[in-house]
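Below is one structure, written out as structure tokens; the observations come after it.
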Amino acid sequence: QVQLVESGGGLVQPGGSLQLSCTASGGILSISTAGWYRQAPGSQRELVARLSTTGSTDYADSVKGRFTISRDNAKNTVYLQMNSLKPEDTAVYYCRAEGTILHYDYWGQGTQVTVSS
């Protein structure tokens with residue numbers, strides 16, 4: 001059973017930075033489209049950033065220029081570097097691994113990010 005485990009969430013002041021990490025069992029992240037999604041209270045889950053196996057990236061317009069997604073295959077880990085955080089970035093952030101050749105779709109349990117003074 002593949003497990004994705006997120007870490008790095010917490011409370012940060014506006015303008016601050018956080019780095020989220022997502023580690024997967026079985027080395028699956030290196031062969032997956034890896035993504036970070038978020039869900040704020042009362043809102044639908046939305047894409048934040050996505051990284052393909054070829055290195056191409058997609059970002060939500062609201063985070064472009066502030067967030068960066070990256071991958072370390074040797075550590076089976078995907079990161080989300082979040083800078084210049086705003087209160088509207090407050091949400092539970094989820095990691096996702098989607099199969100590109102094999103059909104699978106795994107999610108982590110989520111990590112809370114709160115941006116508040």
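To be explicit about the labels: the chains of the structure tokens are called A, B, and onward in the order shown, and within each one the residues are counted from 1, while ligands get numbers from 1 in the order they are shown.
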
Strand (DSSP E or B) residues, from DSSP on the backbone, in chain A, as a VMD selection string:
chain A and resid 4 to 7 10 to 12 18 to 24 32 to 39 46 to 51 57 to 59 67 to 72 77 to 82 91 to 99 105 to 107 111 to 115

Please provide the set of residues having any atom within 12 Å of A:Asn83, restricted to only C-alpha atoms, with same-chain residues fewer than 5 positions apart removed, written as an NGL selection string.
:A and (12-20 or 63-69 or 89 or 115)

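With only C-alpha atoms as the basis for measurement, A:Leu80 is the residue among A:Leu80, A:Leu85, A:Leu102, A:Leu51 that approaches A:Cys22 most closely.
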
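Among the candidate residues A:Gln109, A:Ser32, A:Ser43, A:Ser21, the one lying nearest to A:Gly9 is A:Ser21, with distances computed using only C-alpha atoms.
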
So what do you get for atom CA of A:Ser56 versus atom CA of A:Ala40, distance-wise?
26.2 Å

Restricting the calculation to only C-alpha atoms, which member of A:Val92, A:Val5, A:Ala74, A:Ala97 is positioned closest to A:Gly35?
A:Ala97

Which of stretch 37-108 of chain A counts as helix (DSSP H, G or I) under DSSP, as number ranges by chain please?
A: 73-75, 87-89

Within 12 Å of A:Arg71, counting only C-alpha atoms, which residues show up once you throw out same-chain ones fewer than 5 positions away? Write them as a ChimeraX atom specification, please.
/A:20-24,27-36,50-57,76-81,97

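In terms of minimum interatomic distance to A:Arg45, A:Tyr93 ranks closest within A:Tyr93, A:Ser116, A:Thr111, A:Leu4, counting only C-alpha atoms.
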
Nearest candidate to A:Trp107 (options A:Thr90, A:Gln39, A:Gln3, A:Asn73; using only C-alpha atoms):
A:Gln3

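In terms of minimum interatomic distance to A:Glu46, A:Asp61 ranks closest within A:Asp61, A:Gln112, A:Gln1, A:Ser7, counting only C-alpha atoms.
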
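Atom to atom, atom CA of A:Gly108 and atom CA of A:Glu88 stand 21.8 Å apart.
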
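If you look at atom CA of A:Ser117 and atom CA of A:Pro87, they are 8.7 Å away from each other.
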
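Residues within 7 Å of A:Val48, counting only C-alpha atoms and excluding same-chain residues fewer than 4 positions away, are Trp36, Tyr37, Arg38, Tyr59 and Ala60 of chain A.
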